[in-house]
file data.txt (compact mmCIF, C-alpha atoms (C1' of nucleotides))
# COMPACT_ATOMS: atom_id res chain seq x y z
CA MET U 105 1.92 19.77 -33.30
CA PRO U 106 1.12 21.60 -30.22
CA GLU U 107 -0.59 19.79 -27.40
CA LEU U 108 -1.76 21.22 -24.08
CA PRO U 109 1.68 22.19 -22.70
CA GLU U 110 2.73 23.92 -25.91
CA VAL U 111 -0.59 25.76 -26.25
CA GLU U 112 -0.44 26.84 -22.61
CA VAL U 113 3.06 28.23 -23.13
CA VAL U 114 1.64 30.28 -26.00
CA ARG U 115 -1.35 31.41 -23.92
CA ALA U 116 0.86 32.50 -21.05
CA GLY U 117 3.10 34.39 -23.46
CA LEU U 118 0.22 36.19 -25.13
CA ASP U 119 -1.67 37.05 -21.95
CA PRO U 120 0.40 40.04 -20.74
CA ALA U 121 0.76 41.39 -24.27
CA LEU U 122 -2.86 41.15 -25.34
CA THR U 123 -5.02 41.58 -22.23
CA GLY U 124 -6.26 45.15 -22.28
CA ALA U 125 -4.85 45.86 -25.75
CA SER U 126 -6.94 46.87 -28.76
CA VAL U 127 -6.74 45.61 -32.32
CA THR U 128 -5.88 48.44 -34.68
CA ALA U 129 -5.46 46.55 -37.96
CA VAL U 130 -5.79 43.03 -39.36
CA GLU U 131 -4.11 41.61 -42.47
CA VAL U 132 -5.09 38.19 -43.82
CA PHE U 133 -2.51 36.76 -46.24
CA GLU U 134 -4.02 33.26 -46.45
CA PRO U 135 -7.83 33.02 -46.50
CA ARG U 136 -7.67 29.28 -45.87
CA SER U 137 -6.47 30.11 -42.35
CA LEU U 138 -9.98 31.47 -41.72
CA ARG U 139 -11.74 28.22 -42.60
CA ARG U 140 -13.41 28.02 -39.20
CA HIS U 141 -14.69 31.58 -39.37
CA ASP U 142 -18.45 31.74 -39.95
CA SER U 143 -18.88 34.93 -41.96
CA THR U 144 -22.66 35.15 -41.60
CA ALA U 145 -22.15 37.72 -38.82
CA GLY U 146 -19.60 39.62 -40.90
CA PRO U 147 -16.09 39.40 -42.28
CA PHE U 148 -13.29 38.36 -39.91
CA VAL U 149 -11.46 41.65 -40.30
CA ASP U 150 -14.53 43.79 -39.64
CA LEU U 151 -15.47 41.87 -36.51
CA LEU U 152 -11.94 42.16 -35.11
CA GLU U 153 -10.64 45.61 -35.96
CA GLY U 154 -11.20 48.16 -33.21
CA GLN U 155 -11.94 45.51 -30.59
CA ARG U 156 -10.48 45.56 -27.10
CA MET U 157 -9.14 42.20 -25.92
CA LEU U 158 -10.18 41.14 -22.43
CA ALA U 159 -8.10 38.02 -21.69
CA VAL U 160 -6.38 35.02 -23.27
CA VAL U 161 -8.10 31.74 -22.44
CA ARG U 162 -7.33 28.08 -23.18
CA ARG U 163 -9.24 24.81 -23.01
CA GLY U 164 -7.27 21.79 -24.20
CA LYS U 165 -5.59 22.86 -27.43
CA PHE U 166 -8.02 25.71 -28.19
CA LEU U 167 -7.16 29.35 -27.46
CA TRP U 168 -9.51 32.29 -27.48
CA VAL U 169 -9.48 35.99 -26.76
CA PRO U 170 -12.79 37.40 -25.46
CA LEU U 171 -13.54 40.71 -27.15
CA ALA U 172 -15.41 43.78 -25.91
CA SER U 173 -18.09 43.02 -28.52
CA GLY U 174 -19.07 39.84 -26.67
CA ARG U 175 -17.61 37.63 -29.38
CA ALA U 176 -14.20 35.95 -29.23
CA LEU U 177 -11.16 35.55 -31.45
CA VAL U 178 -10.58 31.78 -31.55
CA ALA U 179 -7.21 30.32 -32.50
CA HIS U 180 -6.24 26.70 -33.05
CA LEU U 181 -2.67 25.86 -33.97
CA GLY U 182 -3.42 22.58 -35.73
CA MET U 183 -0.26 20.64 -36.50
CA SER U 184 2.08 23.48 -37.34
CA GLY U 185 0.64 26.76 -36.10
CA GLN U 186 2.55 29.41 -34.17
CA VAL U 187 1.61 32.75 -32.67
CA LEU U 188 4.58 35.10 -32.50
CA LEU U 189 4.88 38.54 -30.90
CA ARG U 190 6.88 40.92 -33.06
CA ALA U 191 7.95 44.53 -32.86
CA PRO U 192 6.24 46.96 -35.25
CA GLY U 193 7.92 46.87 -38.65
CA ALA U 194 9.24 43.33 -38.20
CA VAL U 195 9.87 41.39 -41.39
CA ASP U 196 7.23 38.87 -42.42
CA ASP U 197 7.86 35.48 -40.85
CA ARG U 198 8.03 32.55 -43.26
CA MET U 199 4.50 31.16 -43.84
CA LEU U 200 2.91 34.20 -42.20
CA ARG U 201 -0.86 33.78 -42.64
CA ILE U 202 -2.41 36.54 -40.52
CA ARG U 203 -1.06 39.67 -38.82
CA LEU U 204 -2.83 41.60 -36.07
CA ARG U 205 -1.54 45.04 -35.16
CA VAL U 206 -2.47 45.76 -31.56
CA GLU U 207 -2.02 48.75 -29.26
CA HIS U 208 -1.36 47.98 -25.61
CA PRO U 209 -1.86 50.76 -23.03
CA VAL U 210 1.56 50.12 -21.47
CA LEU U 211 3.56 48.18 -24.05
CA GLY U 212 2.53 50.30 -27.02
CA GLU U 213 2.20 48.85 -30.49
CA LEU U 214 2.78 45.11 -31.04
CA TRP U 215 2.42 42.86 -34.05
CA VAL U 216 0.91 39.41 -33.60
CA HIS U 217 1.92 36.96 -36.33
CA PHE U 218 -0.12 33.80 -36.97
CA VAL U 219 2.25 31.46 -38.79
CA ASP U 220 1.17 28.03 -40.04
CA GLN U 221 2.95 25.77 -42.50
CA ARG U 222 0.22 23.21 -43.15
CA ILE U 223 -2.83 25.46 -42.70
CA PHE U 224 -4.52 22.93 -40.43
CA GLY U 225 -4.70 25.68 -37.82
CA SER U 226 -7.04 28.62 -38.00
CA MET U 227 -8.30 31.88 -36.57
CA ALA U 228 -11.96 32.81 -36.42
CA ILE U 229 -14.38 35.18 -34.77
CA ASP U 230 -17.06 33.23 -32.97
CA THR U 231 -20.05 33.85 -30.74
CA MET U 232 -19.81 32.95 -27.06
CA THR U 233 -22.12 30.50 -25.34
CA PRO U 234 -22.57 29.76 -21.61
CA THR U 235 -20.67 26.79 -20.20
CA ALA U 236 -22.84 23.76 -19.49
CA ASP U 237 -21.81 23.60 -15.83
CA GLY U 238 -21.72 27.35 -15.15
CA ARG U 239 -18.01 27.30 -14.35
CA SER U 240 -15.10 28.96 -16.15
CA GLY U 241 -14.87 28.27 -19.87
CA GLY U 242 -11.16 27.60 -19.66
CA PHE U 243 -7.88 28.63 -18.08
CA SER U 244 -7.01 32.33 -18.23
CA GLY U 245 -4.44 32.64 -15.47
CA LEU U 246 -7.14 33.85 -13.08
CA GLU U 247 -8.44 32.06 -10.01
CA PRO U 248 -10.77 29.28 -11.10
CA MET U 249 -14.46 29.86 -10.54
CA ALA U 250 -16.16 27.41 -8.24
CA ALA U 251 -19.70 26.24 -8.77
CA GLY U 252 -22.02 28.79 -7.22
CA ASP U 253 -19.49 31.61 -7.48
CA ARG U 254 -21.47 34.81 -8.03
CA ARG U 255 -18.72 37.04 -9.41
CA GLU U 256 -19.85 39.12 -12.37
CA THR U 257 -17.66 38.08 -15.24
CA GLY U 258 -19.14 38.41 -18.70
CA TRP U 259 -16.72 36.29 -20.64
CA GLN U 260 -15.51 33.99 -17.91
CA ARG U 261 -18.49 31.65 -17.72
CA ARG U 262 -18.75 31.47 -21.49
CA LEU U 263 -16.78 29.85 -24.29
CA PRO U 264 -16.76 30.02 -28.08
CA SER U 265 -19.53 28.02 -29.71
CA GLN U 266 -17.05 26.01 -31.76
CA VAL U 267 -15.27 24.94 -28.55
CA ALA U 268 -18.40 23.96 -26.63
CA HIS U 269 -18.14 20.29 -27.64
CA ILE U 270 -14.54 20.02 -26.39
CA ALA U 271 -14.18 18.39 -22.97
CA ARG U 272 -12.37 20.10 -20.15
CA ASP U 273 -8.68 19.26 -19.96
CA PRO U 274 -7.11 17.29 -17.09
CA LEU U 275 -5.40 20.38 -15.63
CA ASP U 276 -8.73 22.25 -15.41
CA PRO U 277 -9.93 22.41 -11.76
CA ALA U 278 -13.46 21.72 -13.03
CA PHE U 279 -12.39 18.53 -14.84
CA SER U 280 -14.38 15.63 -13.39
CA ALA U 281 -12.28 12.52 -12.85
CA PRO U 282 -15.32 10.38 -11.93
CA ASP U 283 -17.03 11.39 -15.18
CA PHE U 284 -13.85 10.47 -17.06
CA TYR U 285 -13.72 7.03 -15.42
CA ARG U 286 -17.37 6.46 -16.31
CA VAL U 287 -16.70 7.25 -19.97
CA LEU U 288 -13.72 4.88 -20.01
CA ALA U 289 -15.92 2.14 -18.58
CA ARG U 290 -18.29 2.25 -21.53
CA LYS U 291 -15.73 2.62 -24.35
CA LYS U 292 -14.57 -0.57 -25.97
CA ALA U 293 -12.05 1.24 -28.15
CA GLY U 294 -8.32 1.08 -27.46
CA ILE U 295 -7.32 3.36 -24.62
CA LYS U 296 -5.12 5.53 -26.83
CA ARG U 297 -8.04 6.35 -29.10
CA VAL U 298 -10.00 7.53 -26.07
CA LEU U 299 -7.11 9.63 -24.75
CA LEU U 300 -6.95 11.36 -28.13
CA ASP U 301 -10.73 11.97 -28.26
CA GLN U 302 -11.00 15.66 -27.41
CA THR U 303 -14.68 15.29 -26.54
CA VAL U 304 -13.72 12.91 -23.70
CA ILE U 305 -10.59 14.61 -22.34
CA SER U 306 -8.87 17.46 -24.12
CA GLY U 307 -5.31 18.60 -24.58
CA ILE U 308 -3.66 15.20 -25.15
CA GLY U 309 -2.07 14.54 -28.55
CA ASN U 310 0.10 11.83 -30.00
CA ILE U 311 3.23 12.61 -27.99
CA TYR U 312 1.72 12.81 -24.54
CA ALA U 313 -0.66 9.91 -25.19
CA ASP U 314 2.33 7.67 -25.89
CA GLU U 315 4.25 9.04 -22.90
CA ALA U 316 1.32 8.61 -20.50
CA LEU U 317 0.61 5.06 -21.70
CA TYR U 318 4.26 4.17 -21.17
CA ALA U 319 4.20 5.65 -17.66
CA ALA U 320 1.03 3.69 -16.88
CA ARG U 321 2.36 0.52 -18.57
CA LEU U 322 -0.62 0.27 -20.87
CA HIS U 323 -0.79 -0.89 -24.49
CA TYR U 324 -2.55 1.46 -26.91
CA GLU U 325 -5.04 -1.23 -27.86
CA GLN U 326 -6.04 -2.10 -24.32
CA PRO U 327 -9.83 -1.68 -24.35
CA ALA U 328 -10.69 1.39 -22.29
CA SER U 329 -13.56 -0.46 -20.63
CA SER U 330 -11.18 -3.15 -19.38
CA LEU U 331 -9.23 -0.77 -17.15
CA THR U 332 -9.82 -1.32 -13.46
CA LEU U 333 -10.58 1.82 -11.48
CA PRO U 334 -7.10 1.83 -9.90
CA ARG U 335 -5.53 1.57 -13.36
CA ALA U 336 -7.75 4.35 -14.69
CA ARG U 337 -6.73 6.53 -11.75
CA ALA U 338 -3.06 5.77 -12.34
CA LEU U 339 -3.44 6.64 -16.01
CA LEU U 340 -5.06 10.00 -15.28
CA ALA U 341 -2.36 10.73 -12.72
CA ALA U 342 0.30 9.89 -15.32
CA VAL U 343 -1.35 12.17 -17.86
CA ARG U 344 -1.41 15.06 -15.41
CA THR U 345 2.17 14.53 -14.27
CA ILE U 346 3.51 14.41 -17.81
CA LEU U 347 1.55 17.44 -19.02
CA GLN U 348 2.70 19.47 -16.03
CA ARG U 349 6.34 18.44 -16.40
CA ALA U 350 6.25 19.31 -20.09
CA LEU U 351 4.68 22.67 -19.29
CA VAL U 352 7.41 23.49 -16.78
CA GLU U 353 10.02 22.68 -19.41
CA GLY U 354 8.38 24.92 -21.97
CA GLY U 355 6.83 22.17 -24.10
CA THR U 356 8.27 19.73 -26.63
CA SER U 357 10.22 21.03 -29.64
CA PHE U 358 11.72 18.74 -32.26
CA ASP U 359 12.59 21.56 -34.65
CA ALA U 360 11.52 25.13 -35.24
CA GLN U 361 7.92 23.99 -35.71
CA TYR U 362 6.99 24.50 -32.09
CA VAL U 363 8.15 27.66 -30.40
CA ASN U 364 6.79 30.07 -27.82
CA VAL U 365 5.61 33.61 -28.66
CA ASN U 366 9.23 34.77 -28.72
CA GLY U 367 10.34 32.04 -31.10
CA GLU U 368 12.10 29.97 -28.44
CA SER U 369 12.00 26.16 -28.24
CA GLY U 370 10.91 24.04 -25.28
CA TYR U 371 13.06 21.40 -23.61
CA PHE U 372 10.75 18.47 -22.97
CA SER U 373 12.00 16.56 -26.01
CA HIS U 374 14.99 15.62 -23.84
CA SER U 375 12.62 13.99 -21.35
CA LEU U 376 10.66 11.76 -23.73
CA SER U 377 10.66 8.08 -22.76
CA VAL U 378 9.13 6.53 -25.88
CA TYR U 379 7.96 9.12 -28.41
CA GLY U 380 10.54 9.12 -31.19
CA GLN U 381 12.71 6.75 -29.13
CA GLN U 382 12.25 3.66 -31.32
CA GLY U 383 15.48 1.63 -31.43
CA THR U 384 16.66 2.79 -28.03
CA PRO U 385 16.39 0.72 -24.83
CA CYS U 386 13.47 1.06 -22.46
CA ALA U 387 14.65 2.86 -19.31
CA ARG U 388 12.79 0.31 -17.17
CA CYS U 389 13.66 -3.04 -18.71
CA GLY U 390 16.12 -2.47 -21.54
CA THR U 391 13.84 -3.89 -24.24
CA THR U 392 14.08 -1.97 -27.50
CA ILE U 393 11.38 0.67 -27.92
CA VAL U 394 9.33 0.11 -31.08
CA ARG U 395 7.17 2.27 -33.30
CA GLU U 396 3.92 0.81 -34.66
CA GLN U 397 1.00 2.14 -36.69
CA PHE U 398 -2.24 2.81 -34.83
CA MET U 399 -5.01 5.04 -36.13
CA ASN U 400 -2.82 5.90 -39.10
CA ARG U 401 -0.15 7.48 -36.94
CA GLY U 402 2.93 6.35 -35.12
CA SER U 403 2.67 4.79 -31.70
CA HIS U 404 5.77 4.32 -29.60
CA LEU U 405 5.95 1.77 -26.83
CA CYS U 406 7.99 -0.78 -24.92
CA PRO U 407 6.69 -4.14 -26.15
CA ARG U 408 7.57 -5.76 -22.85
CA CYS U 409 6.31 -3.21 -20.32
CA GLN U 410 3.19 -2.40 -22.30
CA ARG U 411 1.21 -5.49 -23.17
CA VAL U 412 -2.50 -5.89 -23.65
CA ARG U 413 -3.69 -7.37 -20.39
CA GLY U 414 -6.05 -10.30 -20.43
CA SER U 415 -9.73 -9.59 -19.93
C1' DC X 6 -25.20 6.52 -30.93
C1' DC X 7 -20.34 4.68 -32.12
C1' DC X 8 -16.61 3.74 -34.88
C1' DT X 9 -13.47 3.93 -38.97
C1' DG X 10 -11.49 6.05 -42.71
C1' DC X 11 -10.53 9.92 -45.21
C1' DC X 12 -9.74 14.64 -46.02
C1' DC X 13 -7.81 19.06 -45.24
C1' DC X 14 -2.25 21.04 -46.39
C1' DT X 15 3.00 22.00 -46.96
C1' DG X 16 7.61 20.87 -46.10
C1' DT X 17 11.36 17.83 -45.04
C1' DC X 18 13.86 13.77 -45.09
C1' DC X 19 15.29 9.26 -46.71
C1' DG X 20 16.29 5.72 -50.02
C1' DC X 21 16.87 4.50 -54.69
C1' DT N 103 20.77 15.60 -58.46
C1' DG N 104 16.25 14.13 -58.99
C1' DC N 105 12.20 11.91 -57.67
C1' DG N 106 8.76 9.24 -55.21
C1' DG N 107 7.12 8.02 -50.90
C1' DA N 108 6.70 8.28 -46.02
C1' DC N 109 6.08 11.13 -42.40
C1' DA N 110 4.80 15.14 -39.29
C1' DG N 111 2.60 17.67 -32.84
C1' DG N 112 -4.87 17.85 -35.14
C1' DG N 113 -9.65 17.76 -35.96
C1' DG N 114 -14.03 17.55 -38.68
C1' DC N 115 -17.10 14.92 -41.19
C1' DA N 116 -19.31 11.26 -44.01
C1' DG N 117 -20.81 6.86 -44.16
C1' DG N 118 -21.18 2.19 -42.41

call {"tool": "encode", "arguments": {"input": "data.txt", "output": "structure tokens"}}
result
Amino acid sequence: MPELPEVEVVRAGLDPALTGASVTAVEVFEPRSLRRHDSTAGPFVDLLEGQRMLAVVRRGKFLWVPLASGRALVAHLGMSGQVLLRAPGAVDDRMLRIRLRVEHPVLGELWVHFVDQRIFGSMAIDTMTPTADGRSGGFSGLEPMAAGDRRETGWQRRLPSQVAHIARDPLDPAFSAPDFYRVLARKKAGIKRVLLDQTVISGIGNIYADEALYAARLHYEQPASSLTLPRARALLAAVRTILQRALVEGGTSFDAQYVNVNGESGYFSHSLSVYGQQGTPCARCGTTIVREQFMNRGSHLCPRCQRVRGS
DNA sequence: CCCTGCCCCTGTCCGC
DNA sequence: TGCGGACAGGGGCAGG
């Protein structure tokens, strides 16, 4: 479900509640939600209880909370995950999988509910590893670290091992556009497949891929390597514009499946041009928007504005 | 290496 | 009403 804007809304909501707080108790109601936890270092609960939380960080669709122990609590929302902040004693949310009780020095006790219908999401405790380029592991609301910055940080130049293979996202100041264009130039696959490949560029999912391709007037099967540099630049610009607009509007909610940490929906669904708009006219040319299968999922496009361009 | 297909899950909605 | 099938915002992995 959640793509970069939705995950960032969650990160920003958790940050003031969790940074500086300590975990006092952990309850796991659904062990399958820990599938990405490697228990060789110890059980999830044991590695988390008593830990102080140092920040809330995001790269693409991955969230993590660096812990005083040097490890991190990693969370991925999958298709249907939510993280909700609740008052102590709150009733169990439907499909509650994990509850953290935390004590914040100013806010007092808070309950953090990890809710996930399909159990594609997960929480895990993971080791941290240095970033390949020595810059920040992800976005934490702090000033980005430039190359050569000598600030002592501990967690900031590191990221969870299970996130190390994920590319930086296009809103990350350390994202390299030239590197991205070089990868496009050697990929013969359809451009949508590349946009969804989190090891190439992270944070884009099915909704924003379709929206960005519409904005850039590209067909999902256009070979990535066939894009001219100006078209590749325009596509990246479209991706960034759409992700930022969605973020400002609080993300995209179709139903109660995506909500922020307070259970509130985002408004970007009103701004979608093609995703879910099949049967309605294209805002540019009036042609009916269609929905087609690509990579075993729906792709939404204007068949007139978005054609595969000749090689 | 790269790419494709399949798997992991539950819930909801639609048509018969 | 009931039931089968399609569909849903993601990602990891096996096998070609």

call {"tool": "closest_atom_pairs", "arguments": {"input": "data.txt", "of": "chain N", "to": "chain U", "cutoff": "10 Å", "atoms": "all atoms listed in the file", "output": "tab-separated table"}}
result
residue	atom	partner	partner_atom	distance
N:DC109	C1'	U:Arg401	CA	9.1
N:DA110	C1'	U:Met183	CA	8.0
N:DG111	C1'	U:Met105	CA	2.3
N:DG112	C1'	U:Gly182	CA	5.0
N:DG113	C1'	U:Gly182	CA	7.9

call {"tool": "write_last_selection", "arguments": {"input": "data.txt", "atoms": "C-alpha atoms (C1' of nucleotides)", "output": "PDB file, in the coordinates of the input"}}
result
ATOM      1  C1'  DC N 109       6.080  11.130 -42.400  1.00  0.00           C
ATOM      2  C1'  DA N 110       4.800  15.140 -39.290  1.00  0.00           C
ATOM      3  C1'  DG N 111       2.600  17.670 -32.840  1.00  0.00           C
ATOM      4  C1'  DG N 112      -4.870  17.850 -35.140  1.00  0.00           C
ATOM      5  C1'  DG N 113      -9.650  17.760 -35.960  1.00  0.00           C
TER       6       DG N 113
END

call {"tool": "atom_distance", "arguments": {"input": "data.txt", "atom1": "CA of Arg175 in chain U", "atom2": "CA of Ile270 in chain U"}}
result
18.1 Å

call {"tool": "residues_near_point", "arguments": {"input": "data.txt", "point": "(-20.4, 39.5, -19.4)", "cutoff": "12 Å", "atoms": "only C-alpha atoms (C1' of nucleotides)", "output": "list of chain:residue names"}}
result
U:Leu158, U:Pro170, U:Leu171, U:Ala172, U:Ser173, U:Gly174, U:Arg175, U:Met232, U:Thr233, U:Pro234, U:Arg255, U:Glu256, U:Thr257, U:Gly258, U:Trp259, U:Gln260, U:Arg261, U:Arg262, U:Leu263

call {"tool": "closest_residue", "arguments": {"input": "data.txt", "among": "U:Arg198, U:Arg139, U:Arg190, U:Arg156", "to": "Trp215 in chain U", "atoms": "all atoms listed in the file"}}
result
U:Arg190

call {"tool": "atom_distance", "arguments": {"input": "data.txt", "atom1": "CA of Trp168 in chain U", "atom2": "CA of Pro109 in chain U"}}
result
15.8 Å

call {"tool": "residues_around", "arguments": {"input": "data.txt", "residues": "range 407-411 of chain U", "least_positions_apart": "2", "cutoff": "7 Å", "atoms": "all atoms listed in the file", "output": "list in words"}}
result
Tyr318, Arg321, Leu322, His323, Thr391, Ile393, Leu405 and Arg413 of chain U

call {"tool": "write_last_selection", "arguments": {"input": "data.txt", "atoms": "C-alpha atoms", "output": "short mmCIF file (atom, residue, chain, number, x, y, z; two decimals), in the coordinates of the input"}}
result
data_model
loop_
_atom_site.label_atom_id
_atom_site.label_comp_id
_atom_site.auth_asym_id
_atom_site.auth_seq_id
_atom_site.Cartn_x
_atom_site.Cartn_y
_atom_site.Cartn_z
CA TYR U 318 4.26 4.17 -21.17
CA ARG U 321 2.36 0.52 -18.57
CA LEU U 322 -0.62 0.27 -20.87
CA HIS U 323 -0.79 -0.89 -24.49
CA THR U 391 13.84 -3.89 -24.24
CA ILE U 393 11.38 0.67 -27.92
CA LEU U 405 5.95 1.77 -26.83
CA ARG U 413 -3.69 -7.37 -20.39
#

call {"tool": "residues_around", "arguments": {"input": "data.txt", "residues": "range 282-293 of chain U", "least_positions_apart": "6", "cutoff": "6 Å", "atoms": "all atoms listed in the file", "output": "PyMOL selection string"}}
result
chain U and resi 327-329

call {"tool": "write_last_selection", "arguments": {"input": "data.txt", "atoms": "C-alpha atoms", "output": "CSV table (one decimal), in the frame of the given file"}}
result
chain,number,residue,atom,x,y,z
U,327,PRO,CA,-9.8,-1.7,-24.4
U,328,ALA,CA,-10.7,1.4,-22.3
U,329,SER,CA,-13.6,-0.5,-20.6

call {"tool": "closest_residue", "arguments": {"input": "data.txt", "among": "U:Arg272, U:Arg201, U:Ala191, U:Ala176", "to": "Asp220 in chain U", "atoms": "only C-alpha atoms"}}
result
U:Arg201

call {"tool": "interface_residues", "arguments": {"input": "data.txt", "of": "chain X", "to": "chain U", "cutoff": "8 Å", "atoms": "only C-alpha atoms (C1' of nucleotides)", "output": "mmCIF file with C-alpha atoms (C1' of nucleotides), keeping the file's coordinate frame"}}
result
data_model
loop_
_atom_site.group_PDB
_atom_site.id
_atom_site.type_symbol
_atom_site.label_atom_id
_atom_site.label_comp_id
_atom_site.auth_asym_id
_atom_site.auth_seq_id
_atom_site.Cartn_x
_atom_site.Cartn_y
_atom_site.Cartn_z
ATOM 1 C "C1'" DC X 13 -7.810 19.060 -45.240
ATOM 2 C "C1'" DC X 14 -2.250 21.040 -46.390
ATOM 3 C "C1'" DT X 15 3.000 22.000 -46.960
ATOM 4 C "C1'" DG X 16 7.610 20.870 -46.100
#

call {"tool": "atom_distance", "arguments": {"input": "data.txt", "atom1": "CA of Gln382 in chain U", "atom2": "CA of Ser330 in chain U"}}
result
27.2 Å

call {"tool": "residues_near_point", "arguments": {"input": "data.txt", "point": "(9.0, 8.5, -29.1)", "cutoff": "8 Å", "atoms": "all atoms listed in the file", "output": "PDB file with C-alpha atoms, in the coordinates of the input"}}
result
ATOM      1  CA  ILE U 311       3.230  12.610 -27.990  1.00  0.00           C
ATOM      2  CA  ASP U 314       2.330   7.670 -25.890  1.00  0.00           C
ATOM      3  CA  GLU U 315       4.250   9.040 -22.900  1.00  0.00           C
ATOM      4  CA  LEU U 376      10.660  11.760 -23.730  1.00  0.00           C
ATOM      5  CA  SER U 377      10.660   8.080 -22.760  1.00  0.00           C
ATOM      6  CA  VAL U 378       9.130   6.530 -25.880  1.00  0.00           C
ATOM      7  CA  TYR U 379       7.960   9.120 -28.410  1.00  0.00           C
ATOM      8  CA  GLY U 380      10.540   9.120 -31.190  1.00  0.00           C
ATOM      9  CA  GLN U 381      12.710   6.750 -29.130  1.00  0.00           C
ATOM     10  CA  GLN U 382      12.250   3.660 -31.320  1.00  0.00           C
ATOM     11  CA  ARG U 395       7.170   2.270 -33.300  1.00  0.00           C
ATOM     12  CA  SER U 403       2.670   4.790 -31.700  1.00  0.00           C
ATOM     13  CA  HIS U 404       5.770   4.320 -29.600  1.00  0.00           C
ATOM     14  CA  LEU U 405       5.950   1.770 -26.830  1.00  0.00           C
TER      15      LEU U 405
END

call {"tool": "residues_around", "arguments": {"input": "data.txt", "residues": "Arg203 in chain U", "least_positions_apart": "2", "cutoff": "9 Å", "atoms": "all atoms listed in the file", "output": "ChimeraX atom specification"}}
result
/U:129-133,200-201,205,215-219

call {"tool": "closest_residue", "arguments": {"input": "data.txt", "among": "U:Gly242, U:Asp197, U:Pro192, U:Glu207", "to": "Val160 in chain U", "atoms": "all atoms listed in the file"}}
result
U:Gly242
